[in-house]
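Some notes on the structure that comes next.
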Amino acid sequence: MGEQQSTSSEQPPPPPPPPPQPKSISPYGPARSTVQGAPLTKEEVEQCNDFFKASLYLSLGMIYLRSNPLLTTPLDKSHFKARLLGHFGSAPGQIFTYMHFNRLIKKYDLDAIFISGPGHGAPAVLSQAYLEGTYSEVYPECSEDEEGLRKFFKQFSFPGGIGSHATPETPGSLHEGGELGYSISHAFGAVFDNPDLIAVTMVGDGEAETGPLATSWHSTKFLNPITDGAVLPILHLNGYKINNPTILARISHDELENLFRGYGYQPYFVEGDDVESMHQAMAATLEHCVLEIRKFQQQARTTGKAFRPMWPVVILRSPKGWTGPRKINGGLDYLEGYWRSHQVPLTDVHKNPEQFALLESWMRSYEPERLFIANGGRISSSLRQAVCPTGNRRMSANPVANGGMLQKPLRMPDFRDYALGVDHPAETLSASMSNMARFMRDIILLNPNNFRLFGPDETESNKLGTVYEVAQKVWMGEYFPEDLNGGNLATEGRVMEMLSEHTCEGWLEGYLLSGRHGLLNSYEPFIHVIDSMVNQHCKWLEKSLEVSWRHPIPSLNILLTAVVWRQDHNGFTHQDPGFLDVVANKSPEVVRIYLPPDGNCLLSVTDHCLRSRNYVNVIVADKQPHLQFLSMADAIVHCTKGIGIWPGFSSCPAGSAPDVVMASCGDISTQESLAAISLLLDHFPTLKIRCVNVVDLFKLISHEEHPHGLTNAEYEAIFTGDKPVVFNFHSYPWLVYRLIHGRKNAGGVVVRGYKEKGNIDTPLELAIRNGTDRFSLAMEAIDRLSEAGGVLEGRGGEARELLRNEQVRCQMRAFEEGVDPVEVTGWVWPSERRGLWSERKH
């Protein structure tokens, strides 16, 4: 039987659909947006266009003009600044975002600030402050008329004027952007414990390539929608840096979207250059984001259950130098949409007639005669009312960006209540840092919404874990059952830990700049990661002192521990005390460095620093148990003075000159210096030794160079003008030499400190490598006294030999046993010398 023929009417399957075309990553064309809609009326679009033009005109005027600010006469070369400085490229996108968020502030009565991340982005925010009226309120000389506008233009990037970043002189700014990478972390710091605040944060696509910015995207994992506000990041893809494409502007649309989904955000795109359709797209997108933020916050606050939503992020793709000429130089070179528009877009207007004419045509295209001249040199009242919020709802006038206005003093427990008992100085062993943690715990308890402790995964390691008794670590991620066994995690915590010094520092700076208080604790060797961040904050504080309307903010307090002399077990990579050199370079008006020698001094110094304003305070204190030297009463006196003679460890009778001064600065350095004094007295009981200790490092510098510095008379009263001084210093010795430069007898001071000699050592062996141990210090004193002649009566060589023998023996013990001898680790001030303390103390 043959095969049965099919009678089916089946048709062949249809061909597969063509693969989806990749989404465009061009900044050109009609608006393309994730959120659809046209919320603006025709009149509102026209108002947006007018405000956009007015803002762009001001941005160009700041870069180019020193006179004829409204082009009331034909443009002339004499109207230009002789040196053209500034950046235009990112201004259009920033202005575009700022003005559209203003609509939502008005509609929903939002509390918002604007953070300008792109470097040199000041023209964007300055133009908004001027158009909102804030600038003329703060600086009446820059009035809203032709003469005021001339001054406003001339001062920009001009000697005696203002910088091209959003500096402290800029109303509404708490983030300068002088160094890229900190906009997101500053924004999150500002919204922590600010439940109604939205920080609208422009992130430049060049800025997005920095390490600090990349880590700061994770800040949403620490944002509690019940107690905190929200950050709305706008990633501004304008495509170019100074002379290169930006990475995120040149990856596929899907890859970019997946990147931000992976970070935990819901991305919303707004892309194109057609101005009118972009207005509709941006208006719809930002409104959708605001409603999303409000929905998340309402859900968390209604249920009382904190959670981590997919917070919105806007990706704005627009041409660099948007609305400028597309090509220049006879059509040979691209300008708009290319790197040439990054800084001064037309650089040769003084000599190139084509560029001169193009600039005038470009500026007049923004219709200054209609938008400004027709209204007496300002925008019309109707346009301002339509676009700008009023009062403190203006982002340029929000008090949060002048955080000193809002700051409330900390409620402080009495640090004296945490005193360590010191019955016999240099005989009691206690853990200074663990004790100080009790003080920190109670500060957190008394300030549940006004103080946070920050650190890169080191709070427990740094012996501050006692704070967990009242406040745990913020954690909005997933939880495992084992977290209950010492994890110390909570959605409502007060301790901020992330293994990024950049992000922790940025959070703290944003928290302080918006008027709250905090402290960063970190391992000393790795604080260098944020050298430049602290540098920028110092510059902000220094410049703020020159701005009359800026209110002082709580100080930036940095606690350094896990110090160089107790990183012997971790090796050479963990040994670097050089952060002090970085800080010492900054303005004496804003920096302070403290090295408390013991636990009671640490309490006194910490209390002082947390109460201070407008400083960067660096406190250096080891976390391991150490000898305690001063009672609380004595510690307060010593820290108040910042430097002093310790009579109890001196053998120099009152009223007589010492033979040698043994000085120290730093807890471990002090202990070794005292041990050296004891060794010297073992060999030379009649030697007249003066013991000096320094808490406030800047006491060493002249009072003419730093407000804490000693006068020459005060300095010589302590260190003498002609006796040898052996100074044991916590950090690199060159810093002390630099500070005492010009002092009488500076050549008679020998400083011992860290000299880049390290390995896997014992504590004593590490000190020996660097000449900061008790034996080296005692031998140095002998050498100096022997040079002076007579004092040691020819017995210096024998004593030196004995000390060197003991030093070598200790080294050999370290190499053979891996530990220091008990007579070193257990050393205390000899009981037979207690009389020195009681006799000399008073």
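Chain labels follow the order of the structure tokens: the first chain is A, the next B, and so on; residue numbering restarts at 1 in every chain, and ligands are counted from 1 in their shown order.
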
- Item | 6 Å contact set for region 211-225 of chain A, only C-alpha atoms, chain neighbours under 2 positions out, as a list in words | Gly181, Ser185, Ala208, Thr227, Asp228, Gln297, Val474, Trp475, Met476, Gly477, His502 and Thr503 of chain A

All residues 12 Å or closer to Arg738 (chain A), only C-alpha atoms, same chain fewer than 3 positions away omitted, as a PDB file with all heavy atoms, in the first residue's frame:
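File result_38.pdb, as written:
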```pdb
ATOM      1  N   ASP A 581      50.928  65.411  56.983  1.00  0.00           N
ATOM      2  CA  ASP A 581      51.607  66.354  56.090  1.00  0.00           C
ATOM      3  C   ASP A 581      50.612  67.003  55.131  1.00  0.00           C
ATOM      4  O   ASP A 581      50.705  68.203  54.833  1.00  0.00           O
ATOM      5  CB  ASP A 581      52.692  65.633  55.284  1.00  0.00           C
ATOM      6  CG  ASP A 581      53.804  65.110  56.165  1.00  0.00           C
ATOM      7  OD1 ASP A 581      53.607  64.082  56.839  1.00  0.00           O
ATOM      8  OD2 ASP A 581      54.876  65.724  56.178  1.00  0.00           O
ATOM      9  N   ALA A 584      48.558  69.537  57.089  1.00  0.00           N
ATOM     10  CA  ALA A 584      49.363  70.685  57.522  1.00  0.00           C
ATOM     11  C   ALA A 584      49.583  71.691  56.402  1.00  0.00           C
ATOM     12  O   ALA A 584      49.890  72.854  56.663  1.00  0.00           O
ATOM     13  CB  ALA A 584      50.712  70.207  58.061  1.00  0.00           C
ATOM     14  N   ASN A 585      49.424  71.265  55.150  1.00  0.00           N
ATOM     15  CA  ASN A 585      49.596  72.177  54.024  1.00  0.00           C
ATOM     16  C   ASN A 585      48.412  73.125  53.838  1.00  0.00           C
ATOM     17  O   ASN A 585      48.523  74.110  53.107  1.00  0.00           O
ATOM     18  CB  ASN A 585      49.765  71.383  52.717  1.00  0.00           C
ATOM     19  CG  ASN A 585      51.132  70.747  52.611  1.00  0.00           C
ATOM     20  OD1 ASN A 585      52.096  71.269  53.137  1.00  0.00           O
ATOM     21  ND2 ASN A 585      51.219  69.631  51.926  1.00  0.00           N
ATOM     22  N   LEU A 697      49.522  69.851  67.436  1.00  0.00           N
ATOM     23  CA  LEU A 697      50.737  69.903  66.628  1.00  0.00           C
ATOM     24  C   LEU A 697      51.079  71.321  66.195  1.00  0.00           C
ATOM     25  O   LEU A 697      52.261  71.682  66.083  1.00  0.00           O
ATOM     26  CB  LEU A 697      50.584  68.998  65.401  1.00  0.00           C
ATOM     27  CG  LEU A 697      51.824  68.842  64.523  1.00  0.00           C
ATOM     28  CD1 LEU A 697      52.975  68.217  65.302  1.00  0.00           C
ATOM     29  CD2 LEU A 697      51.500  67.998  63.291  1.00  0.00           C
ATOM     30  N   PHE A 698      50.068  72.142  65.965  1.00  0.00           N
ATOM     31  CA  PHE A 698      50.337  73.484  65.461  1.00  0.00           C
ATOM     32  C   PHE A 698      50.831  74.439  66.542  1.00  0.00           C
ATOM     33  O   PHE A 698      51.113  75.611  66.245  1.00  0.00           O
ATOM     34  CB  PHE A 698      49.099  74.047  64.760  1.00  0.00           C
ATOM     35  CG  PHE A 698      48.845  73.408  63.430  1.00  0.00           C
ATOM     36  CD1 PHE A 698      47.678  72.701  63.192  1.00  0.00           C
ATOM     37  CD2 PHE A 698      49.783  73.484  62.409  1.00  0.00           C
ATOM     38  CE1 PHE A 698      47.440  72.100  61.966  1.00  0.00           C
ATOM     39  CE2 PHE A 698      49.567  72.885  61.180  1.00  0.00           C
ATOM     40  CZ  PHE A 698      48.389  72.191  60.955  1.00  0.00           C
ATOM     41  N   LEU A 700      53.689  74.109  67.593  1.00  0.00           N
ATOM     42  CA  LEU A 700      55.103  74.210  67.246  1.00  0.00           C
ATOM     43  C   LEU A 700      55.394  75.339  66.277  1.00  0.00           C
ATOM     44  O   LEU A 700      56.507  75.857  66.229  1.00  0.00           O
ATOM     45  CB  LEU A 700      55.586  72.880  66.639  1.00  0.00           C
ATOM     46  CG  LEU A 700      55.506  71.650  67.545  1.00  0.00           C
ATOM     47  CD1 LEU A 700      55.922  70.410  66.775  1.00  0.00           C
ATOM     48  CD2 LEU A 700      56.392  71.843  68.771  1.00  0.00           C
ATOM     49  N   ILE A 701      54.404  75.733  65.487  1.00  0.00           N
ATOM     50  CA  ILE A 701      54.624  76.733  64.458  1.00  0.00           C
ATOM     51  C   ILE A 701      54.503  78.127  65.070  1.00  0.00           C
ATOM     52  O   ILE A 701      53.901  78.309  66.135  1.00  0.00           O
ATOM     53  CB  ILE A 701      53.616  76.529  63.306  1.00  0.00           C
ATOM     54  CG1 ILE A 701      54.101  77.190  62.013  1.00  0.00           C
ATOM     55  CG2 ILE A 701      52.242  77.017  63.679  1.00  0.00           C
ATOM     56  CD1 ILE A 701      53.280  76.804  60.796  1.00  0.00           C
ATOM     57  N   SER A 702      55.067  79.092  64.404  1.00  0.00           N
ATOM     58  CA  SER A 702      54.999  80.463  64.907  1.00  0.00           C
ATOM     59  C   SER A 702      53.558  80.958  64.965  1.00  0.00           C
ATOM     60  O   SER A 702      52.743  80.642  64.093  1.00  0.00           O
ATOM     61  CB  SER A 702      55.817  81.387  64.012  1.00  0.00           C
ATOM     62  OG  SER A 702      55.561  82.745  64.313  1.00  0.00           O
ATOM     63  N   TYR A 732      56.199  61.502  60.040  1.00  0.00           N
ATOM     64  CA  TYR A 732      57.486  61.731  59.405  1.00  0.00           C
ATOM     65  C   TYR A 732      58.196  62.901  60.081  1.00  0.00           C
ATOM     66  O   TYR A 732      57.599  63.959  60.317  1.00  0.00           O
ATOM     67  CB  TYR A 732      57.294  62.024  57.912  1.00  0.00           C
ATOM     68  CG  TYR A 732      56.773  60.845  57.133  1.00  0.00           C
ATOM     69  CD1 TYR A 732      55.429  60.744  56.801  1.00  0.00           C
ATOM     70  CD2 TYR A 732      57.631  59.823  56.732  1.00  0.00           C
ATOM     71  CE1 TYR A 732      54.943  59.660  56.084  1.00  0.00           C
ATOM     72  CE2 TYR A 732      57.156  58.731  56.014  1.00  0.00           C
ATOM     73  CZ  TYR A 732      55.810  58.650  55.692  1.00  0.00           C
ATOM     74  OH  TYR A 732      55.337  57.568  54.991  1.00  0.00           O
ATOM     75  N   PRO A 733      59.491  62.754  60.371  1.00  0.00           N
ATOM     76  CA  PRO A 733      60.190  63.803  61.133  1.00  0.00           C
ATOM     77  C   PRO A 733      60.262  65.138  60.422  1.00  0.00           C
ATOM     78  O   PRO A 733      60.315  66.187  61.049  1.00  0.00           O
ATOM     79  CB  PRO A 733      61.594  63.208  61.345  1.00  0.00           C
ATOM     80  CG  PRO A 733      61.745  62.128  60.332  1.00  0.00           C
ATOM     81  CD  PRO A 733      60.372  61.595  60.086  1.00  0.00           C
ATOM     82  N   TRP A 734      60.215  65.104  59.088  1.00  0.00           N
ATOM     83  CA  TRP A 734      60.378  66.339  58.325  1.00  0.00           C
ATOM     84  C   TRP A 734      59.270  67.344  58.613  1.00  0.00           C
ATOM     85  O   TRP A 734      59.482  68.547  58.482  1.00  0.00           O
ATOM     86  CB  TRP A 734      60.427  66.013  56.824  1.00  0.00           C
ATOM     87  CG  TRP A 734      60.877  64.609  56.565  1.00  0.00           C
ATOM     88  CD1 TRP A 734      60.171  63.611  55.961  1.00  0.00           C
ATOM     89  CD2 TRP A 734      62.144  64.023  56.924  1.00  0.00           C
ATOM     90  NE1 TRP A 734      60.907  62.444  55.929  1.00  0.00           N
ATOM     91  CE2 TRP A 734      62.123  62.667  56.512  1.00  0.00           C
ATOM     92  CE3 TRP A 734      63.293  64.514  57.565  1.00  0.00           C
ATOM     93  CZ2 TRP A 734      63.186  61.790  56.710  1.00  0.00           C
ATOM     94  CZ3 TRP A 734      64.346  63.640  57.762  1.00  0.00           C
ATOM     95  CH2 TRP A 734      64.296  62.304  57.342  1.00  0.00           C
ATOM     96  N   LEU A 735      58.114  66.871  59.040  1.00  0.00           N
ATOM     97  CA  LEU A 735      57.021  67.786  59.327  1.00  0.00           C
ATOM     98  C   LEU A 735      57.362  68.673  60.517  1.00  0.00           C
ATOM     99  O   LEU A 735      57.110  69.882  60.503  1.00  0.00           O
ATOM    100  CB  LEU A 735      55.727  67.015  59.574  1.00  0.00           C
ATOM    101  CG  LEU A 735      54.495  67.854  59.930  1.00  0.00           C
ATOM    102  CD1 LEU A 735      54.232  68.929  58.886  1.00  0.00           C
ATOM    103  CD2 LEU A 735      53.260  66.953  60.082  1.00  0.00           C
ATOM    104  N   HIS A 741      60.856  75.585  61.768  1.00  0.00           N
ATOM    105  CA  HIS A 741      61.802  76.373  60.984  1.00  0.00           C
ATOM    106  C   HIS A 741      61.753  77.841  61.403  1.00  0.00           C
ATOM    107  O   HIS A 741      60.678  78.438  61.534  1.00  0.00           O
ATOM    108  CB  HIS A 741      61.483  76.264  59.489  1.00  0.00           C
ATOM    109  CG  HIS A 741      62.358  77.109  58.627  1.00  0.00           C
ATOM    110  ND1 HIS A 741      63.672  76.803  58.376  1.00  0.00           N
ATOM    111  CD2 HIS A 741      62.109  78.274  57.978  1.00  0.00           C
ATOM    112  CE1 HIS A 741      64.199  77.720  57.598  1.00  0.00           C
ATOM    113  NE2 HIS A 741      63.270  78.631  57.343  1.00  0.00           N
ATOM    114  N   GLY A 742      62.910  78.401  61.641  1.00  0.00           N
ATOM    115  CA  GLY A 742      62.981  79.799  62.056  1.00  0.00           C
ATOM    116  C   GLY A 742      62.982  79.993  63.555  1.00  0.00           C
ATOM    117  O   GLY A 742      63.254  81.108  64.031  1.00  0.00           O
ATOM    118  N   ARG A 743      62.714  78.947  64.324  1.00  0.00           N
ATOM    119  CA  ARG A 743      62.763  79.062  65.775  1.00  0.00           C
ATOM    120  C   ARG A 743      64.226  79.110  66.240  1.00  0.00           C
ATOM    121  O   ARG A 743      65.121  78.518  65.616  1.00  0.00           O
ATOM    122  CB  ARG A 743      62.092  77.848  66.434  1.00  0.00           C
ATOM    123  CG  ARG A 743      60.614  77.722  66.194  1.00  0.00           C
ATOM    124  CD  ARG A 743      59.803  78.752  66.949  1.00  0.00           C
ATOM    125  NE  ARG A 743      58.396  78.381  67.027  1.00  0.00           N
ATOM    126  CZ  ARG A 743      57.455  79.139  67.560  1.00  0.00           C
ATOM    127  NH1 ARG A 743      57.766  80.335  68.048  1.00  0.00           N
ATOM    128  NH2 ARG A 743      56.208  78.738  67.594  1.00  0.00           N
ATOM    129  N   ALA A 746      66.586  75.891  66.425  1.00  0.00           N
ATOM    130  CA  ALA A 746      66.002  74.832  65.601  1.00  0.00           C
ATOM    131  C   ALA A 746      67.050  73.812  65.208  1.00  0.00           C
ATOM    132  O   ALA A 746      66.766  72.611  65.088  1.00  0.00           O
ATOM    133  CB  ALA A 746      65.359  75.441  64.356  1.00  0.00           C
ATOM    134  N   GLY A 747      68.304  74.277  65.037  1.00  0.00           N
ATOM    135  CA  GLY A 747      69.381  73.344  64.689  1.00  0.00           C
ATOM    136  C   GLY A 747      69.754  72.419  65.824  1.00  0.00           C
ATOM    137  O   GLY A 747      70.420  71.398  65.598  1.00  0.00           O
ATOM    138  N   VAL A 749      67.552  70.779  67.572  1.00  0.00           N
ATOM    139  CA  VAL A 749      66.460  69.818  67.712  1.00  0.00           C
ATOM    140  C   VAL A 749      66.694  68.663  66.754  1.00  0.00           C
ATOM    141  O   VAL A 749      66.861  68.876  65.541  1.00  0.00           O
ATOM    142  CB  VAL A 749      65.096  70.470  67.418  1.00  0.00           C
ATOM    143  CG1 VAL A 749      63.971  69.449  67.560  1.00  0.00           C
ATOM    144  CG2 VAL A 749      64.857  71.656  68.341  1.00  0.00           C
ATOM    145  N   VAL A 751      64.774  65.314  65.411  1.00  0.00           N
ATOM    146  CA  VAL A 751      63.442  64.721  65.409  1.00  0.00           C
ATOM    147  C   VAL A 751      63.545  63.282  64.944  1.00  0.00           C
ATOM    148  O   VAL A 751      64.145  62.990  63.897  1.00  0.00           O
ATOM    149  CB  VAL A 751      62.477  65.509  64.494  1.00  0.00           C
ATOM    150  CG1 VAL A 751      61.069  64.922  64.579  1.00  0.00           C
ATOM    151  CG2 VAL A 751      62.457  66.985  64.868  1.00  0.00           C
TER     152      VAL A 751
END
```

Neighbour list for region 596-599 of chain A as an mmCIF file with N, CA, C and O atoms, in the first residue's frame, cut-off 6 Å, only C-alpha atoms, skip fewer than 3 positions in-chain:
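Writing the result to part_13.cif gives the following:
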```cif
data_model
loop_
_atom_site.group_PDB
_atom_site.id
_atom_site.type_symbol
_atom_site.label_atom_id
_atom_site.label_comp_id
_atom_site.auth_asym_id
_atom_site.auth_seq_id
_atom_site.Cartn_x
_atom_site.Cartn_y
_atom_site.Cartn_z
ATOM 1 N N SER A 432 42.396 53.156 75.435
ATOM 2 C CA SER A 432 41.858 54.509 75.264
ATOM 3 C C SER A 432 40.671 54.531 74.319
ATOM 4 O O SER A 432 39.656 55.198 74.572
ATOM 5 N N LEU A 602 42.366 61.954 74.989
ATOM 6 C CA LEU A 602 41.534 61.640 73.824
ATOM 7 C C LEU A 602 40.100 62.090 74.050
ATOM 8 O O LEU A 602 39.463 62.664 73.148
ATOM 9 N N GLN A 628 48.558 54.903 80.603
ATOM 10 C CA GLN A 628 47.827 56.151 80.800
ATOM 11 C C GLN A 628 48.681 57.076 81.659
ATOM 12 O O GLN A 628 49.261 56.650 82.660
ATOM 13 N N GLY A 666 52.313 62.141 70.237
ATOM 14 C CA GLY A 666 51.705 60.880 69.831
ATOM 15 C C GLY A 666 51.748 59.894 70.974
ATOM 16 O O GLY A 666 52.697 59.879 71.775
ATOM 17 N N ASP A 667 50.743 59.030 71.084
ATOM 18 C CA ASP A 667 50.647 58.162 72.256
ATOM 19 C C ASP A 667 51.811 57.172 72.360
ATOM 20 O O ASP A 667 52.451 57.045 73.407
ATOM 21 N N VAL A 695 50.271 67.980 72.294
ATOM 22 C CA VAL A 695 48.967 67.457 71.888
ATOM 23 C C VAL A 695 48.511 68.129 70.597
ATOM 24 O O VAL A 695 48.078 67.474 69.647
#
```

- Going by DSSP on the backbone, which bits of region 112-265 of chain A are alpha helix (DSSP H)? Write them as a ChimeraX atom specification, please. /A:122-132,134-138,146-155,183-191,211-216,253-263

Write a file of the just-selected residues containing C-alpha atoms, as a compact mmCIF listing (two decimals), in the first residue's frame.
```
# COMPACT_ATOMS: atom_id res chain seq x y z
CA ALA A 122 28.86 77.35 37.54
CA PRO A 123 27.34 79.21 34.55
CA ALA A 124 24.33 76.90 34.76
CA VAL A 125 23.58 77.42 38.43
CA LEU A 126 24.64 81.07 38.54
CA SER A 127 22.22 81.87 35.73
CA GLN A 128 19.41 80.24 37.68
CA ALA A 129 20.24 82.08 40.88
CA TYR A 130 20.24 85.36 38.97
CA LEU A 131 16.95 84.70 37.19
CA GLU A 132 15.29 83.54 40.42
CA THR A 134 18.43 85.18 44.75
CA TYR A 135 21.73 86.42 43.43
CA SER A 136 20.73 90.08 43.55
CA GLU A 137 19.33 89.60 47.04
CA VAL A 138 22.65 88.24 48.26
CA GLU A 146 21.91 96.59 32.86
CA GLU A 147 24.61 97.79 35.26
CA GLY A 148 24.03 94.94 37.69
CA LEU A 149 24.19 92.45 34.85
CA ARG A 150 27.46 93.97 33.64
CA LYS A 151 28.99 93.37 37.07
CA PHE A 152 27.50 89.89 37.16
CA PHE A 153 29.15 89.06 33.84
CA LYS A 154 32.49 90.68 34.52
CA GLN A 155 33.12 89.00 37.88
CA SER A 183 28.23 64.79 43.70
CA ILE A 184 26.24 61.63 44.50
CA SER A 185 27.84 60.98 47.90
CA HIS A 186 27.38 64.63 48.88
CA ALA A 187 23.76 64.43 47.79
CA PHE A 188 23.06 61.34 49.88
CA GLY A 189 24.82 62.89 52.87
CA ALA A 190 22.50 65.87 52.58
CA VAL A 191 19.30 63.79 52.48
CA GLY A 211 36.23 55.82 41.07
CA PRO A 212 34.46 57.82 43.81
CA LEU A 213 31.40 58.35 41.63
CA ALA A 214 31.25 54.70 40.61
CA THR A 215 31.13 53.50 44.22
CA SER A 216 28.66 56.17 45.29
CA HIS A 253 21.47 51.68 25.07
CA ASP A 254 20.73 48.23 26.48
CA GLU A 255 24.10 47.96 28.19
CA LEU A 256 23.64 51.34 29.83
CA GLU A 257 20.12 50.46 30.95
CA ASN A 258 21.28 47.14 32.37
CA LEU A 259 24.17 48.83 34.16
CA PHE A 260 21.81 51.01 36.16
CA ARG A 261 19.35 48.23 36.77
CA GLY A 262 22.29 46.30 38.17
CA TYR A 263 23.12 49.22 40.44
```

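Across A:Val726, A:Gly790, A:Asp568, A:Ala38, the tightest approach to Val819 (chain A) is made by A:Asp568 when counting only C-alpha atoms.
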
- Item | Test item: residues at most 12 Å from Gly655 (chain A), only C-alpha atoms, excluding those fewer than 5 positions along its chain, as a count of residues only | 5

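Put simply, CA of Thr720 (chain A) is 11.7 Å away from CA of Met662 (chain A).
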
- Message: I'd like to know which residues of region 530-621 of chain A are strand (DSSP E) (by DSSP, run on the backbone); could you write them as a PyMOL selection string?
- Response: chain A and resi 556-561+591-594+616-620

- Note on the structure: Counting only C-alpha atoms, closest pick from A:Cys504, A:Cys142, A:Cys48, A:Leu559 relative to Val275 (chain A) is A:Cys48

- Message: As an exercise, work out the distance from CA of Glu46 (chain A) to CA of Ser24 (chain A) in Å and give it to one decimal place.
- Response: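 That distance, rounded to one decimal, is 27.9 Å.
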
- Calculate how many Å separate CA of Ser548 (chain A) from CA of Gly160 (chain A), rounding to one decimal.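 Interatomic distance, CA of Ser548 (chain A) to CA of Gly160 (chain A): 16.0 Å.
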
- Message: Would you pick out the contacts of Ser831 (chain A) at 10 Å or less, using only C-alpha atoms, so that residues sharing its chain but fewer than 2 positions from it are not included, and give the list as a PyMOL selection string?
- Response: chain A and resi 424-427+828-829+833-836

Can you write out the residues you just picked, keeping N, CA, C and O atoms, as a PDB file, in the first residue's frame?
```pdb
ATOM      1  N   HIS A 424      48.680  56.131  89.380  1.00  0.00           N
ATOM      2  CA  HIS A 424      50.108  56.377  89.235  1.00  0.00           C
ATOM      3  C   HIS A 424      50.415  56.526  87.753  1.00  0.00           C
ATOM      4  O   HIS A 424      50.268  55.568  86.988  1.00  0.00           O
ATOM      5  N   PRO A 425      50.813  57.695  87.329  1.00  0.00           N
ATOM      6  CA  PRO A 425      51.043  57.950  85.898  1.00  0.00           C
ATOM      7  C   PRO A 425      52.049  56.985  85.283  1.00  0.00           C
ATOM      8  O   PRO A 425      53.058  56.635  85.903  1.00  0.00           O
ATOM      9  N   ALA A 426      51.709  56.555  84.058  1.00  0.00           N
ATOM     10  CA  ALA A 426      52.548  55.628  83.281  1.00  0.00           C
ATOM     11  C   ALA A 426      52.700  54.281  83.963  1.00  0.00           C
ATOM     12  O   ALA A 426      53.674  53.562  83.730  1.00  0.00           O
ATOM     13  N   GLU A 427      51.724  53.920  84.787  1.00  0.00           N
ATOM     14  CA  GLU A 427      51.723  52.586  85.385  1.00  0.00           C
ATOM     15  C   GLU A 427      50.416  51.847  85.107  1.00  0.00           C
ATOM     16  O   GLU A 427      50.347  50.635  85.281  1.00  0.00           O
ATOM     17  N   VAL A 828      56.609  49.895  82.760  1.00  0.00           N
ATOM     18  CA  VAL A 828      55.864  50.995  83.365  1.00  0.00           C
ATOM     19  C   VAL A 828      56.878  51.949  83.974  1.00  0.00           C
ATOM     20  O   VAL A 828      58.059  51.620  84.147  1.00  0.00           O
ATOM     21  N   TRP A 829      56.438  53.116  84.293  1.00  0.00           N
ATOM     22  CA  TRP A 829      57.317  54.097  84.949  1.00  0.00           C
ATOM     23  C   TRP A 829      57.723  53.530  86.309  1.00  0.00           C
ATOM     24  O   TRP A 829      56.864  53.129  87.104  1.00  0.00           O
ATOM     25  N   ARG A 833      60.497  56.034  91.049  1.00  0.00           N
ATOM     26  CA  ARG A 833      60.540  57.399  90.536  1.00  0.00           C
ATOM     27  C   ARG A 833      59.178  58.088  90.662  1.00  0.00           C
ATOM     28  O   ARG A 833      58.972  59.157  90.106  1.00  0.00           O
ATOM     29  N   ARG A 834      58.250  57.463  91.355  1.00  0.00           N
ATOM     30  CA  ARG A 834      56.964  58.132  91.544  1.00  0.00           C
ATOM     31  C   ARG A 834      57.130  59.480  92.232  1.00  0.00           C
ATOM     32  O   ARG A 834      56.361  60.392  92.026  1.00  0.00           O
ATOM     33  N   GLY A 835      58.173  59.574  93.032  1.00  0.00           N
ATOM     34  CA  GLY A 835      58.420  60.824  93.728  1.00  0.00           C
ATOM     35  C   GLY A 835      58.609  61.977  92.776  1.00  0.00           C
ATOM     36  O   GLY A 835      58.274  63.120  93.094  1.00  0.00           O
ATOM     37  N   LEU A 836      59.162  61.674  91.607  1.00  0.00           N
ATOM     38  CA  LEU A 836      59.318  62.741  90.619  1.00  0.00           C
ATOM     39  C   LEU A 836      57.975  63.380  90.331  1.00  0.00           C
ATOM     40  O   LEU A 836      57.850  64.597  90.229  1.00  0.00           O
TER      41      LEU A 836
END
```

- Item | All residues 8 Å or closer to Asp274 (chain A), only C-alpha atoms, same chain fewer than 4 positions away omitted, as a VMD selection string | chain A and resid 28 to 31 278

Go ahead and save the residues from that selection, with N, CA, C and O atoms, as a tab-separated table (two decimals), in the first residue's frame.
```
chain	number	residue	atom	x	y	z
A	28	TYR	N	20.96	63.52	18.89
A	28	TYR	CA	20.19	64.36	17.97
A	28	TYR	C	18.84	63.73	17.63
A	28	TYR	O	18.66	62.51	17.75
A	29	GLY	N	17.91	64.60	17.22
A	29	GLY	CA	16.61	64.16	16.78
A	29	GLY	C	15.51	64.56	17.73
A	29	GLY	O	15.75	65.12	18.81
A	30	PRO	N	14.25	64.28	17.36
A	30	PRO	CA	13.13	64.53	18.27
A	30	PRO	C	13.30	63.72	19.55
A	30	PRO	O	14.00	62.69	19.57
A	31	ALA	N	12.66	64.18	20.58
A	31	ALA	CA	12.83	63.55	21.89
A	31	ALA	C	12.43	62.08	21.86
A	31	ALA	O	11.40	61.70	21.29
A	278	MET	N	11.71	67.96	23.56
A	278	MET	CA	12.50	67.63	24.76
A	278	MET	C	11.88	68.26	26.01
A	278	MET	O	11.93	67.66	27.09
```

- Task: Have a look at A:Pro140, A:Leu687, A:Glu360, A:Glu176 and name the one nearest to Asn68 (chain A); count only C-alpha atoms.
- Result: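 Checking each of A:Pro140, A:Leu687, A:Glu360, A:Glu176 against Asn68 (chain A), counting only C-alpha atoms, the winner is A:Glu360.
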